[in-house]
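Participant: query-v5.csv is reproduced in full below (CSV, C-alpha atoms and all ligand atoms).
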```csv
chain,number,residue,atom,x,y,z
C,26,MET,CA,126.8,94.6,159.2
C,27,GLU,CA,124.8,97.3,157.3
C,28,ALA,CA,126.1,97.7,153.7
C,29,GLY,CA,123.6,100.3,152.6
C,30,PHE,CA,120.6,100.3,150.2
C,31,CYS,CA,120.4,98.0,147.2
C,32,GLU,CA,117.2,98.1,145.1
C,33,ILE,CA,115.6,95.1,143.5
C,34,PHE,CA,113.6,96.2,140.4
C,35,GLU,CA,110.9,93.5,140.0
C,36,VAL,CA,110.4,92.4,136.4
C,37,GLY,CA,108.5,89.1,136.9
C,38,PRO,CA,105.1,90.2,135.7
C,39,ARG,CA,106.7,91.4,132.4
C,40,ASP,CA,110.0,89.6,131.7
C,41,GLY,CA,108.7,86.5,133.5
C,42,LEU,CA,105.3,86.2,132.0
C,43,GLN,CA,106.1,87.3,128.4
C,44,ASN,CA,107.8,84.0,127.9
C,45,GLU,CA,105.3,81.6,129.5
C,46,PRO,CA,103.6,79.1,127.1
C,47,ARG,CA,100.4,79.1,129.1
C,48,ASP,CA,97.8,81.7,128.3
C,49,ILE,CA,97.7,83.4,131.7
C,50,PRO,CA,94.5,85.1,132.6
C,51,VAL,CA,94.6,88.8,133.4
C,52,THR,CA,93.2,88.2,136.9
C,53,GLU,CA,96.2,86.0,137.8
C,54,LYS,CA,98.6,88.6,136.5
C,55,ILE,CA,96.8,91.3,138.6
C,56,ALA,CA,97.0,89.0,141.7
C,57,LEU,CA,100.8,88.6,141.2
C,58,VAL,CA,101.4,92.4,140.8
C,59,ASP,CA,99.3,93.0,144.0
C,60,ALA,CA,101.3,90.4,145.9
C,61,LEU,CA,104.5,92.2,144.7
C,62,SER,CA,103.2,95.6,145.7
C,63,ALA,CA,102.5,94.2,149.2
C,64,ALA,CA,106.1,92.8,149.3
C,65,GLY,CA,107.6,96.3,149.3
C,66,PHE,CA,109.1,96.8,145.9
C,67,GLY,CA,109.4,100.4,144.8
C,68,ARG,CA,109.3,99.7,141.0
C,69,ILE,CA,107.4,96.8,139.4
C,70,GLU,CA,107.4,96.2,135.6
C,71,CYS,CA,104.0,94.7,134.9
C,72,ALA,CA,103.1,95.6,131.3
C,73,SER,CA,104.5,95.6,127.8
C,74,PHE,CA,102.9,97.5,124.9
C,75,VAL,CA,104.5,95.6,122.1
C,76,SER,CA,102.8,94.0,119.1
C,77,PRO,CA,100.5,91.2,120.2
C,78,LYS,CA,101.6,89.4,117.0
C,79,TRP,CA,105.2,89.4,118.3
C,80,VAL,CA,104.5,88.7,122.0
C,81,PRO,CA,100.9,87.5,122.5
C,82,GLN,CA,101.4,86.9,126.3
C,83,MET,CA,101.5,90.6,126.9
C,84,ALA,CA,98.3,91.5,125.1
C,85,GLY,CA,96.3,92.2,128.3
C,86,SER,CA,98.7,94.8,129.6
C,87,ALA,CA,96.2,97.7,129.7
C,88,GLU,CA,93.8,95.5,131.7
C,89,VAL,CA,96.5,94.6,134.1
C,90,LEU,CA,97.4,98.3,134.7
C,91,ALA,CA,93.7,99.1,135.1
C,92,GLY,CA,93.0,96.2,137.5
C,93,ILE,CA,95.9,96.4,140.0
C,94,LYS,CA,95.6,97.9,143.4
C,95,ARG,CA,98.1,100.8,143.2
C,96,LYS,CA,100.2,101.1,146.3
C,97,GLU,CA,101.3,104.6,147.1
C,98,GLY,CA,105.0,105.2,146.3
C,99,VAL,CA,105.2,102.3,143.9
C,100,ARG,CA,106.0,103.0,140.2
C,101,TYR,CA,104.3,100.6,137.8
C,102,SER,CA,106.3,100.3,134.6
C,103,ALA,CA,105.7,99.2,131.0
C,104,LEU,CA,107.9,98.3,128.1
C,105,THR,CA,107.4,100.5,125.0
C,106,PRO,CA,109.2,99.7,121.6
C,107,ASN,CA,107.8,102.7,119.7
C,108,MET,CA,105.5,105.7,119.9
C,109,ARG,CA,102.4,103.6,119.5
C,110,GLY,CA,103.4,101.6,122.6
C,111,PHE,CA,104.2,104.7,124.5
C,112,THR,CA,100.9,106.3,123.8
C,113,ASP,CA,99.1,103.1,124.8
C,114,ALA,CA,101.2,102.8,128.0
C,115,VAL,CA,100.4,106.4,129.0
C,116,ALA,CA,96.7,105.9,128.3
C,117,ALA,CA,96.7,102.8,130.5
C,118,GLY,CA,98.3,104.7,133.4
C,119,ALA,CA,101.9,103.5,133.4
C,120,ASP,CA,104.0,105.5,135.9
C,121,GLU,CA,107.2,105.0,133.8
C,122,VAL,CA,108.1,103.4,130.6
C,123,ALA,CA,111.1,101.5,129.3
C,124,VAL,CA,112.6,101.5,125.9
C,125,PHE,CA,114.7,98.6,124.8
C,126,ALA,CA,117.6,98.3,122.5
C,127,SER,CA,120.3,95.7,121.8
C,128,ALA,CA,124.1,96.1,121.8
C,129,SER,CA,124.2,93.5,119.0
C,130,GLU,CA,122.6,93.8,115.5
C,131,GLY,CA,121.4,90.2,115.3
C,132,PHE,CA,119.2,90.4,118.4
C,133,SER,CA,117.9,93.8,117.5
C,134,ARG,CA,116.7,92.5,114.1
C,135,LYS,CA,115.1,89.4,115.6
C,136,ASN,CA,113.5,91.1,118.6
C,137,ILE,CA,112.2,94.4,117.2
C,138,ASN,CA,112.8,94.1,113.4
C,139,ALA,CA,115.1,97.1,113.3
C,140,SER,CA,118.8,97.9,113.3
C,141,VAL,CA,120.3,99.3,116.5
C,142,ALA,CA,120.4,102.8,114.9
C,143,GLU,CA,116.8,102.5,113.7
C,144,SER,CA,115.7,101.5,117.2
C,145,VAL,CA,117.4,104.5,118.8
C,146,GLU,CA,115.7,106.8,116.2
C,147,ARG,CA,112.3,105.3,117.2
C,148,PHE,CA,113.0,106.2,120.8
C,149,ALA,CA,113.7,109.9,120.1
C,150,PRO,CA,110.0,110.9,119.9
C,151,ILE,CA,109.2,108.8,123.0
C,152,LEU,CA,111.8,110.7,125.0
C,153,GLU,CA,110.6,114.0,123.7
C,154,GLN,CA,107.0,113.3,124.7
C,155,ALA,CA,108.0,111.7,128.0
C,156,ARG,CA,110.0,114.9,128.9
C,157,HIS,CA,106.9,116.9,128.1
C,158,ASP,CA,104.7,114.6,130.2
C,159,ASP,CA,107.3,114.4,133.0
C,160,LEU,CA,107.3,110.6,132.8
C,161,PRO,CA,110.5,108.8,133.6
C,162,VAL,CA,112.0,106.6,130.8
C,163,ARG,CA,114.3,103.7,131.6
C,164,ALA,CA,116.4,102.0,129.0
C,165,TYR,CA,117.3,98.3,128.6
C,166,ILE,CA,120.3,97.3,126.6
C,167,SER,CA,120.2,93.6,125.7
C,168,CYS,CA,123.0,91.3,124.9
C,169,VAL,CA,125.6,93.2,126.9
C,170,ILE,CA,127.9,90.1,127.0
C,171,ALA,CA,126.8,87.9,124.2
C,172,CYS,CA,124.1,87.7,121.5
C,173,PRO,CA,122.4,84.4,120.5
C,174,TYR,CA,122.9,85.4,116.8
C,175,ASP,CA,126.2,87.3,116.7
C,176,GLY,CA,128.2,85.8,119.5
C,177,ALA,CA,130.5,87.8,121.9
C,178,VAL,CA,129.6,91.5,122.2
C,179,ALA,CA,132.4,94.1,122.8
C,180,PRO,CA,132.2,96.2,126.0
C,181,ALA,CA,132.8,99.3,123.7
C,182,ALA,CA,129.5,98.6,121.8
C,183,VAL,CA,127.6,98.5,125.1
C,184,ALA,CA,129.2,101.7,126.3
C,185,LYS,CA,128.5,103.5,123.1
C,186,LEU,CA,124.8,102.7,123.2
C,187,ALA,CA,124.5,103.4,127.0
C,188,ASP,CA,126.1,106.8,126.4
C,189,ARG,CA,123.6,107.6,123.7
C,190,LEU,CA,120.5,106.4,125.6
C,191,PHE,CA,121.6,108.3,128.7
C,192,ALA,CA,122.3,111.5,126.7
C,193,MET,CA,118.8,111.2,125.2
C,194,GLY,CA,117.3,111.4,128.7
C,195,CYS,CA,116.9,107.8,129.9
C,196,TYR,CA,117.2,108.1,133.7
C,197,GLU,CA,118.6,104.6,134.2
C,198,ILE,CA,120.3,102.0,131.9
C,199,SER,CA,119.6,98.4,132.7
C,200,LEU,CA,122.3,96.2,131.3
C,201,GLY,CA,120.9,92.9,130.1
C,202,ASP,CA,122.8,89.6,130.0
C,203,THR,CA,119.9,88.3,128.0
C,204,ILE,CA,121.1,84.8,127.5
C,205,GLY,CA,122.9,84.4,130.8
C,206,ALA,CA,126.3,84.0,129.3
C,207,ALA,CA,128.2,86.3,131.6
C,208,THR,CA,130.9,85.5,134.0
C,209,PRO,CA,132.3,87.8,136.8
C,210,ASP,CA,135.2,88.6,134.5
C,211,SER,CA,133.1,89.5,131.4
C,212,ILE,CA,130.7,91.5,133.6
C,213,ALA,CA,133.6,93.5,135.1
C,214,ARG,CA,135.0,94.3,131.7
C,215,MET,CA,131.6,95.5,130.4
C,216,LEU,CA,130.8,97.5,133.6
C,217,LEU,CA,134.2,99.2,133.6
C,218,ALA,CA,133.6,100.4,130.0
C,219,VAL,CA,130.0,101.6,130.7
C,220,ARG,CA,130.9,103.2,134.0
C,221,ASP,CA,133.3,105.5,132.1
C,222,VAL,CA,130.4,107.1,130.2
C,223,VAL,CA,127.4,106.8,132.5
C,224,PRO,CA,127.5,107.4,136.2
C,225,VAL,CA,127.4,104.0,138.0
C,226,GLY,CA,124.4,105.2,140.1
C,227,ARG,CA,122.4,105.3,136.9
C,228,LEU,CA,123.1,101.6,136.0
C,229,ALA,CA,121.2,98.5,136.8
C,230,GLY,CA,122.2,94.8,136.3
C,231,HIS,CA,119.6,92.6,134.5
C,232,TYR,CA,121.1,89.1,134.6
C,233,HIS,CA,119.4,86.0,133.3
C,234,ASP,CA,120.6,82.9,135.2
C,235,THR,CA,121.1,80.5,132.3
C,236,GLY,CA,124.7,79.8,133.2
C,237,GLY,CA,124.0,79.7,137.0
C,238,LEU,CA,126.4,82.6,137.7
C,239,ALA,CA,123.9,85.5,138.1
C,240,LEU,CA,124.6,85.9,141.9
C,241,ASP,CA,128.4,85.9,141.2
C,242,ASN,CA,127.9,88.5,138.5
C,243,ILE,CA,125.8,90.5,140.9
C,244,ASP,CA,128.6,90.3,143.5
C,245,THR,CA,131.1,91.6,141.0
C,246,SER,CA,128.6,94.4,140.0
C,247,LEU,CA,128.2,95.4,143.7
C,248,SER,CA,132.0,95.6,144.0
C,249,LEU,CA,132.0,98.0,141.1
C,250,GLY,CA,129.2,100.2,142.6
C,251,VAL,CA,126.0,99.0,141.0
C,252,ARG,CA,123.1,99.2,143.4
C,253,VAL,CA,120.0,98.3,141.3
C,254,PHE,CA,119.3,94.8,140.1
C,255,ASP,CA,116.4,93.5,138.1
C,256,ALA,CA,115.0,90.2,139.2
C,257,ALA,CA,111.9,88.0,138.6
C,258,VAL,CA,109.9,86.2,141.4
C,259,GLY,CA,110.1,82.5,141.0
C,260,GLY,CA,113.0,82.9,138.5
C,261,LEU,CA,110.5,83.4,135.7
C,262,GLY,CA,111.7,85.0,132.6
C,263,GLY,CA,113.2,84.9,129.2
C,264,CYS,CA,112.7,86.4,125.8
C,265,PRO,CA,110.9,84.7,123.0
C,266,TYR,CA,113.5,86.0,120.6
C,267,ALA,CA,116.5,84.8,122.6
C,268,PRO,CA,116.5,81.0,122.1
C,269,GLY,CA,118.0,79.1,125.0
C,270,ALA,CA,117.7,81.9,127.5
C,271,SER,CA,116.3,80.9,130.8
C,272,GLY,CA,114.8,83.0,133.7
C,273,ASN,CA,116.0,86.1,135.4
C,274,VAL,CA,117.8,85.7,138.7
C,275,ALA,CA,115.0,84.8,141.1
C,276,THR,CA,113.9,87.7,143.3
C,277,GLU,CA,113.6,85.5,146.5
C,278,VAL,CA,117.1,84.2,146.0
C,279,LEU,CA,118.6,87.7,145.3
C,280,ALA,CA,116.7,89.3,148.3
C,281,ALA,CA,118.1,86.6,150.7
C,282,HIS,CA,121.6,87.0,149.2
C,283,LEU,CA,121.6,90.8,149.6
C,284,ALA,CA,120.2,90.5,153.1
C,285,LYS,CA,123.0,88.1,154.0
C,286,LEU,CA,125.6,90.6,152.6
C,287,GLY,CA,124.0,93.3,154.9
C,288,TYR,CA,122.1,95.3,152.2
C,289,HIS,CA,118.8,96.8,153.0
C,290,THR,CA,116.3,96.2,150.1
C,291,GLY,CA,113.1,97.3,151.7
C,292,VAL,CA,111.4,94.1,150.7
C,293,ASP,CA,109.7,91.6,153.1
C,294,LEU,CA,111.4,88.2,152.5
C,295,GLU,CA,108.3,86.1,153.5
C,296,ALA,CA,106.0,88.2,151.3
C,297,VAL,CA,108.5,87.7,148.4
C,298,LYS,CA,108.5,84.0,149.0
C,299,SER,CA,104.7,83.8,148.8
C,300,ALA,CA,104.7,85.9,145.6
C,301,ALA,CA,107.3,83.5,144.2
C,302,ALA,CA,105.1,80.5,145.0
C,303,MET,CA,102.3,82.2,143.2
C,304,ALA,CA,104.5,82.9,140.2
C,305,ARG,CA,105.7,79.3,140.0
C,306,ALA,CA,102.1,78.1,140.2
C,307,MET,CA,101.2,80.3,137.2
C,308,ARG,CA,103.7,78.5,135.0
C,309,GLY,CA,101.4,75.6,134.3
V,401,LIG,P1,107.1,95.3,112.9
V,401,LIG,O1,106.4,94.1,112.4
V,401,LIG,O2,108.5,95.6,112.3
V,401,LIG,O3,106.3,96.7,112.9
V,401,LIG,O4,107.3,95.1,114.5
V,401,LIG,P2,105.1,97.2,112.2
V,401,LIG,O5,105.1,98.6,112.4
V,401,LIG,O6,105.0,96.7,110.8
V,401,LIG,O7,103.9,96.5,113.0
V,401,LIG,C1,103.4,95.2,112.9
V,401,LIG,C2,102.1,95.1,113.5
V,401,LIG,O8,102.2,95.4,114.9
V,401,LIG,C3,101.1,96.1,113.0
V,401,LIG,O9,99.8,95.5,113.1
V,401,LIG,C4,101.2,97.3,114.0
V,401,LIG,O10,100.0,98.0,114.0
V,401,LIG,C5,101.4,96.5,115.3
V,401,LIG,P3,99.0,95.0,111.7
V,401,LIG,O11,98.9,96.2,110.9
V,401,LIG,O12,99.9,94.0,111.1
V,401,LIG,O13,97.7,94.5,112.3
V,401,LIG,N1,102.1,97.3,116.3
V,401,LIG,C6,101.7,97.3,117.5
V,401,LIG,N2,100.7,96.8,118.2
V,401,LIG,C7,100.7,97.0,119.5
V,401,LIG,N3,101.5,97.8,120.2
V,401,LIG,C8,102.6,98.4,119.6
V,401,LIG,C9,102.7,98.1,118.2
V,401,LIG,N4,103.6,98.5,117.3
V,401,LIG,C10,103.2,98.0,116.1
V,401,LIG,N5,103.5,99.1,120.2
V,401,LIG,C11,107.7,95.9,116.7
V,401,LIG,C12,108.0,96.1,115.3
V,401,LIG,C13,108.7,96.7,117.5
V,401,LIG,C14,106.3,96.4,117.0
V,401,LIG,C15,107.7,94.4,117.1
V,401,LIG,O14,108.9,93.9,116.7
V,401,LIG,C16,107.6,94.1,118.5
V,401,LIG,O15,106.5,94.3,119.1
V,401,LIG,N6,108.6,93.5,119.2
V,401,LIG,C17,108.6,93.3,120.6
V,401,LIG,C18,109.4,92.1,121.0
V,401,LIG,C19,109.5,91.9,122.5
V,401,LIG,O16,108.6,92.4,123.2
V,401,LIG,N7,110.5,91.2,123.0
V,401,LIG,C20,110.6,91.0,124.4
V,401,LIG,C21,111.0,92.2,125.2
V,401,LIG,S1,112.7,92.5,125.1
V,401,LIG,C22,113.4,91.6,126.3
V,401,LIG,O17,112.7,90.8,126.9
V,401,LIG,C23,114.8,91.9,126.8
V,401,LIG,C24,114.8,92.6,128.2
V,401,LIG,O18,114.2,91.8,129.2
V,401,LIG,C25,116.3,92.8,128.6
V,401,LIG,C26,117.2,91.6,128.4
V,401,LIG,O19,116.9,90.6,129.1
V,401,LIG,O20,118.1,91.7,127.6
V,401,LIG,C27,114.1,93.9,128.1
V,402,MG,MG,115.2,90.1,130.3
```
With the file now loaded, output its structure as structure tokens.
Ligand code: HMG
Ligand code: MG
Facilitator:
Amino acid sequence: MEAGFCEIFEVGPRDGLQNEPRDIPVTEKIALVDALSAAGFGRIECASFVSPKWVPQMAGSAEVLAGIKRKEGVRYSALTPNMRGFTDAVAAGADEVAVFASASEGFSRKNINASVAESVERFAPILEQARHDDLPVRAYISCVIACPYDGAVAPAAVAKLADRLFAMGCYEISLGDTIGAATPDSIARMLLAVRDVVPVGRLAGHYHDTGGLALDNIDTSLSLGVRVFDAAVGGLGGCPYAPGASGNVATEVLAAHLAKLGYHTGVDLEAVKSAAAMARAMRG
């Protein structure tokens, strides 16, 4: 049974490694990205130009982008919280960048020291410059179901922010269940609200697997038309400012699941498994 194309956006080298306690050498990060390039992903997030005081694990991002073997057709992405991060990401050779906001005020304050409205204001010059440079900008919305500080998040709050970021020019909105609190029902309520304001083809699911329901949430999202999912090899991941959050859904598990459902993902399952082994070994 052929169910069509479903893309896995690999975020392990960024979302995964940003939360690891071990000081991971740049050479190991480069080796992981190279293994992922060989595995067939079209987009790999491998850098984050945030303050090293806030996330020391991402301090070597420019060296990572400089050291990887770039595979033709693959876009190497970087997280950028402000104009400074954007400038550094472009100088380092990122093919696309991602801005990140939260649907809840509590997480926004803790993660980027700004209100939701202030964070969106910071993104405006990034989007303007990116348009000028012809560089794609993705957007993350965190806490689309629940916030570790504020509790449950209303689907309307997610839809309002998604609408705004899409109108500003973000080409895709990745919806983050940052603390893995979602269930198929809450994911469906959130997606139905967001789908009303942003075309479903421009949405991605970014589900952490804390509650063990990430695959069920992905099945629900597939049934509602979402065809892009973020995942991290080896199930790495988490955010230093989201206490209790565990890893992203593991890429090797998601790739096998999608293959079983008949989706074509373009990734080589064996190569993904060996990248996952490499990622797990990096945990220390
Ligand atoms: P701040 O302290 O409010 O801002 O931080 P500031 O302007 O006062 O800057 C503080 C220091 O950082 C200054 O250095 C700046 O120069 C420097 P100092 O003068 O003290 O020596 N600085 C920078 N350095 C490097 N690159 C930059 C940069 N900007 C300022 N771009 C700031 C505000 C946004 C910078 C900070 O809060 C920050 O970096 N936060 C990032 C937190 C983060 O990366 N969290 C994890 C990613 S989000 C996530 O994982 C969720 C996601 O996966 C989706 C999901 O699961 O929900 C995406
Ligand atoms: Mg995340």
Participant: Which residues sit within 6 Å of ligand LIG 401 (chain V), counting all atoms listed in the file, listed as a PyMOL selection string?
Facilitator: chain C and resi 40+74-77+79-80+106-107+109-110+125+136-138+165+167-168+201-203+264
Participant: Could you state the separation of atom CA of C:Glu88 and atom CA of C:Tyr101 in Å, given to one decimal place?
Facilitator: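 Atom CA of C:Glu88 sits 13.2 Å away from atom CA of C:Tyr101.
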Participant: Please, which residues have at least one atom within 10 Å of an atom of ligand MG 402 (chain V), using all atoms listed in the file, listed as a count of residues only?
Facilitator: 34
Participant: Counting all atoms listed in the file, which residue out of C:Gly250, C:Pro38, C:Gly67, C:Gly131 sits closest to C:Gly230?
Facilitator: C:Gly250
Participant: Atom CA of C:Arg305 and atom CA of C:Gly259 are how many Å apart?
Facilitator: 5.5 Å
Participant: For C:Ala56, which residue out of C:Leu160, C:Ala123, C:Val145, C:Ala300 is the nearest one, using only C-alpha atoms?
Facilitator: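 Looking only at the distances to C:Ala56, the closest residue turns out to be C:Ala300.
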Participant: Provide the atom CA of C:Leu90 to atom CA of C:Asp59 distance in Å, to one decimal place.
Facilitator: 10.9 Å
Participant: Need the shell around stretch 275-284 of chain C: protein/DNA/RNA residues with any atom at most 8 Å away, counting all atoms listed in the file. Skip same-chain ones fewer than 3 positions apart. Format as JSON, numbers by chain?
Facilitator: {"C": [31, 33, 35, 240, 256, 257, 258, 259, 260, 261, 272, 287, 288, 289, 290, 292, 294, 297, 298, 301]}
Participant: Quick one: residues within 8 Å of stretch 180-197 of chain C, all atoms listed in the file counted, chain neighbours fewer than 5 positions away excluded, as a ChimeraX atom specification?
Facilitator: /C:128-129,145,149,152,161-164,166,169-170,214-216,218-219,222-223,227-229
Participant: I'd like the neighbourhood of C:Thr52 as an mmCIF file with C-alpha atoms, in the frame of the given file, where a residue qualifies if any of its atoms comes within 12 Å (using all atoms listed in the file), though same-chain residues fewer than 5 positions away should be ignored.
Facilitator:
```cif
data_model
loop_
_atom_site.group_PDB
_atom_site.id
_atom_site.type_symbol
_atom_site.label_atom_id
_atom_site.label_comp_id
_atom_site.auth_asym_id
_atom_site.auth_seq_id
_atom_site.Cartn_x
_atom_site.Cartn_y
_atom_site.Cartn_z
ATOM 1 C CA LEU C 57 100.800 88.600 141.200
ATOM 2 C CA VAL C 58 101.400 92.400 140.800
ATOM 3 C CA ASP C 59 99.300 93.000 144.000
ATOM 4 C CA GLY C 85 96.300 92.200 128.300
ATOM 5 C CA SER C 86 98.700 94.800 129.600
ATOM 6 C CA GLU C 88 93.800 95.500 131.700
ATOM 7 C CA VAL C 89 96.500 94.600 134.100
ATOM 8 C CA LEU C 90 97.400 98.300 134.700
ATOM 9 C CA ALA C 91 93.700 99.100 135.100
ATOM 10 C CA GLY C 92 93.000 96.200 137.500
ATOM 11 C CA ILE C 93 95.900 96.400 140.000
ATOM 12 C CA LYS C 94 95.600 97.900 143.400
ATOM 13 C CA MET C 307 101.200 80.300 137.200
#
```
Participant: Pick from C:Glu27, C:Ile243, C:Glu121, C:Met108: nearest to C:Glu146, with all atoms listed in the file counted?
Facilitator: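 The shortest atom-to-atom distance to C:Glu146 comes from C:Met108.
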Participant: Which polymer residues have any atom within 10 Å of an atom of C:Pro46, counting only C-alpha atoms, with same-chain residues fewer than 2 positions away left out, as a PDB file with C-alpha atoms, in the coordinates of the input?
Facilitator:
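The resulting selection_33.pdb:
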```
ATOM      1  CA  LEU C  42     105.300  86.200 132.000  1.00  0.00           C
ATOM      2  CA  GLN C  43     106.100  87.300 128.400  1.00  0.00           C
ATOM      3  CA  ASN C  44     107.800  84.000 127.900  1.00  0.00           C
ATOM      4  CA  ASP C  48      97.800  81.700 128.300  1.00  0.00           C
ATOM      5  CA  ILE C  49      97.700  83.400 131.700  1.00  0.00           C
ATOM      6  CA  PRO C  81     100.900  87.500 122.500  1.00  0.00           C
ATOM      7  CA  GLN C  82     101.400  86.900 126.300  1.00  0.00           C
ATOM      8  CA  ARG C 308     103.700  78.500 135.000  1.00  0.00           C
ATOM      9  CA  GLY C 309     101.400  75.600 134.300  1.00  0.00           C
TER      10      GLY C 309
END
```
Participant: C:Ala126, C:Ile198, C:Ala60, C:Ala28: which is nearest C:Ser140, counting all atoms listed in the file?
Facilitator: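 Nearest candidate to C:Ser140 out of C:Ala126, C:Ile198, C:Ala60, C:Ala28: C:Ala126.
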